[in-house]
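Shown next, in structure tokens, is the structure this report addresses.
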Amino acid sequence: MVDALAAADATTVSRAVATVVVVAVVLGVRYAANRVRRSDREIGQRSELVLSAALTAVTGGGILTVIVLWDLIGPLARSYRNLGLQDLAGRVLLGVVILTTTYALTDLVGRVIGEFTGTRSSISEHQREIIYRLTQVMLYTVALLVVIGLFTRDIGSLLVGAGFLGIVVGMAARQTLGAALAGFVLMFSHPFEIGDWIQVGDREGIVTEITIISTRIQTFDGEYVMLPNDEVSGQAITNRTRKGRLRIEVEVGVDYDHDPERAARIARETVKELDEVLNVPTPQVVGKRFGDSAIVLGIRVWIDNPSARRMWRARTAVIETVTDAYADAGIKIPFPQRELMGRTEEGGLAVAEGVKRPAPRPATDGDGER
């Protein structure tokens, strides 16, 4: 009897040690893989796919090894066939195995999605992220239904209860659900991508992250602003980098004593020499309006790869070069001017100079007769 107990204890210790070794190997492999992904070296999509497949195989092999070590194949099979309380531990262990395998599988599925959609320019990074998240949710939903099925036979009643609970949660979190629906609208309408320069309402900046719930932008002041997707989709969206270039307009006033056509020609030829602006489309100078002190011209130039820094750099270059060119050509950019008029006091009335005072009316009596 003592020998049997000792042998059983020795077997239990051996299994425990072997289990610890297997778990350590699995965790070590996953840790090494994460270090490789976070390293500075660039790895391609196929290498990512192979790495994810290896991680899935190692995780699944570790789980299978633990099951074999502890002789759990028979109990798990009985747990699946018979839902008796005596096999509760087996069902719990099987549920853990299913969820762990699903977790490892989602990473592989994400890499597969990236491999098949990464070469298609019509699918943005935002859309790939949404597809991956939806696939992840479906996998976890199926896994949870299978795990729930291990503990109860009446799945229909459970689903009905979950439906009522979903209605209650939906009413309580309708703003979040509205943002999620707006996220799907943004995914399909595709008004902007990560890295685009956009303006939403009074917010303007570079898109740094797009999720189902919110969109994060970095303003030109260096602040990060998180906008709910329902607010983004409910306002006018201006994408300044949609076509990879941006038009900038700088207004300049020319004195009325100068020829506006000559001034426009000088400005157009001057800005063509700037490195900060594009030659195609060619810069344009158009007449804007008759100002109070000058004829206002609009100098229109284009820049590529738009950003706030490039925009301000190009605008500054246009102002400086046009100012120097007008100074060399003797064209005056006038200061604001006002014309003043004085008034004199006559007979208690303020009369403007040069304005004829109306003649006084003849006096009349009370009956209207003179």
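Ligands are numbered from 1 in the order shown, chains are lettered A, B, ... in the order of the structure tokens, and residues start at 1 in each chain.
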
**Report entry** Residues near range 264-279 of chain A, cut-off 6 Å, only C-alpha atoms, skip fewer than 6 positions along chain, as a ChimeraX atom specification
**Finding:** /A:285,302-303,314,322

Could you give me, as a tab-separated table, a per-residue list for range 280-332 of chain A showing, wherever an atom lies at most 7 Å from an atom of range 227-247 of chain A, the closest pair of atoms and their distance in Å to one decimal, using only C-alpha atoms and sorting by chain then residue number from low to high?
```
residue	atom	partner	partner_atom	distance
A:Arg300	CA	A:Arg247	CA	6.7
A:Val301	CA	A:Arg247	CA	5.7
A:Trp302	CA	A:Arg247	CA	4.4
A:Ile303	CA	A:Leu246	CA	5.4
A:Asp304	CA	A:Arg245	CA	4.2
A:Asn305	CA	A:Gly244	CA	5.3
A:Pro306	CA	A:Arg245	CA	5.7
```

Would you mind exporting the chosen residues as a compact mmCIF listing (two decimals), in the first residue's frame, restricted to C-alpha atoms?
```
# COMPACT_ATOMS: atom_id res chain seq x y z
CA ARG A 300 -2.33 80.47 -55.57
CA VAL A 301 0.35 77.77 -55.31
CA TRP A 302 0.35 74.00 -54.69
CA ILE A 303 2.42 71.84 -52.34
CA ASP A 304 2.78 68.04 -52.26
CA ASN A 305 2.66 65.74 -49.21
CA PRO A 306 0.69 68.37 -47.28
```

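Using only C-alpha atoms for every distance, the candidate list A:Ile131, A:Leu99, A:Arg15, A:Val50 yields A:Leu99 as the residue closest to Leu145 in chain A.
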
Report task. Choose the residue, out of A:Ser47, A:Ser189, A:Thr19, A:Thr321, that has the smallest atom-to-atom separation from Ile63 in chain A; count only C-alpha atoms. Result -> A:Thr19

Requested in this report: Check range 131-348 of chain A with DSSP on the backbone and list each residue it calls alpha helix (DSSP H), as a ChimeraX atom specification.
Outcome: /A:131-151,155-172,174-189,229-233,260-271,308-329

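Using only C-alpha atoms, the residues found no farther than 10 Å from Ser52 in chain A, other than those of its own chain fewer than 3 positions away, are Arg30, Ala33, Arg46, Ser47, Glu48, Leu49, Leu55, Thr56, Ala57, Val58, Ala104, Leu105, Thr106, Asp107, Leu108, Val109, Gly110, Arg111 and Val112 of chain A.
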
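Of the listed residues A:Val97, A:Val23, A:Ile194, A:Ile248, the one whose atoms come nearest to Ala317 in chain A is A:Ile248, with distances taken using only C-alpha atoms.
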
Run DSSP on the backbone and give me the residues of range 139-320 of chain A it puts in strand (DSSP E), as a short mmCIF file (atom, residue, chain, number, x, y, z; two decimals) with C-alpha atoms, in the first residue's frame.
```
data_model
loop_
_atom_site.label_atom_id
_atom_site.label_comp_id
_atom_site.auth_asym_id
_atom_site.auth_seq_id
_atom_site.Cartn_x
_atom_site.Cartn_y
_atom_site.Cartn_z
CA TRP A 197 -4.64 65.86 -42.46
CA ILE A 198 -8.32 66.45 -41.73
CA GLN A 199 -10.58 69.10 -40.26
CA VAL A 200 -13.72 68.05 -38.37
CA ARG A 203 -10.76 70.46 -34.84
CA GLU A 204 -7.85 70.09 -37.24
CA GLY A 205 -4.89 67.74 -37.19
CA ILE A 206 -3.31 64.47 -38.35
CA VAL A 207 -5.22 61.19 -37.91
CA THR A 208 -3.18 58.88 -35.67
CA GLU A 209 -5.68 56.12 -34.82
CA ILE A 210 -9.09 54.92 -36.01
CA SER A 214 -13.46 56.82 -31.83
CA THR A 215 -10.96 58.63 -34.05
CA ARG A 216 -7.82 60.17 -32.57
CA ILE A 217 -6.08 63.14 -34.17
CA GLN A 218 -2.94 65.04 -33.24
CA THR A 219 -3.41 68.79 -33.50
CA TYR A 224 -4.07 64.43 -28.93
CA VAL A 225 -7.84 64.75 -29.35
CA MET A 226 -10.15 61.73 -29.28
CA LEU A 227 -13.38 62.29 -31.21
CA PRO A 228 -16.35 59.87 -30.98
CA ILE A 237 -15.08 66.45 -42.90
CA THR A 238 -12.35 68.25 -44.84
CA ASN A 239 -9.53 65.98 -45.99
CA ARG A 245 -1.40 67.89 -52.61
CA LEU A 246 -2.83 71.12 -51.22
CA ARG A 247 -3.51 74.55 -52.69
CA ILE A 248 -2.39 77.59 -50.71
CA GLU A 249 -3.58 81.13 -51.40
CA VAL A 250 -1.78 84.27 -50.24
CA GLU A 251 -3.42 87.67 -50.74
CA VAL A 252 -1.39 90.80 -51.53
CA GLY A 253 -2.53 94.39 -52.12
CA VAL A 254 -1.21 96.50 -55.01
CA GLN A 284 -1.73 81.36 -60.55
CA VAL A 285 -2.38 84.99 -59.65
CA VAL A 286 -5.99 86.19 -59.84
CA GLY A 287 -7.71 89.45 -59.01
CA LYS A 288 -9.75 89.13 -55.84
CA ARG A 289 -11.44 92.48 -55.17
CA PHE A 290 -11.12 96.26 -54.97
CA ILE A 295 -6.32 96.10 -55.59
CA VAL A 296 -6.16 92.70 -53.87
CA LEU A 297 -4.50 89.84 -55.79
CA GLY A 298 -4.68 86.16 -54.81
CA ILE A 299 -1.44 84.16 -55.31
CA ARG A 300 -2.33 80.47 -55.57
CA VAL A 301 0.35 77.77 -55.31
CA TRP A 302 0.35 74.00 -54.69
CA ILE A 303 2.42 71.84 -52.34
CA ASP A 304 2.78 68.04 -52.26
#
```

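For Tyr103 in chain A, the residues within 10 Å (counting only C-alpha atoms, excluding itself and residues fewer than 6 positions away along the chain) are Thr56, Thr59, Val97, Gln136, Leu139, Tyr140 and Ala143 of chain A.
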
Report task. Using CA of Asp221 in chain A and CA of Ile319 in chain A as the two end points, give the distance in Å to one decimal. Result -> 23.3 Å

Requested in this report: With a distance cut-off of 9 Å and only C-alpha atoms, select the neighbouring residues of Val147 in chain A, excluding the residue or stretch itself and same-chain residues fewer than 6 positions from it, and output the selection as a ChimeraX atom specification.
Outcome: /A:91-92,94-96,98-99

Requested in this report: Pick out the closest residue to Tyr132 in chain A from this set: A:Leu181, A:Glu261, A:Ile212, A:Val66. Count only C-alpha atoms.
Outcome: A:Ile212

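Of the listed residues A:Val142, A:Phe184, A:Trp70, A:Thr211, the one whose atoms come nearest to Glu129 in chain A is A:Thr211, with distances taken using only C-alpha atoms.
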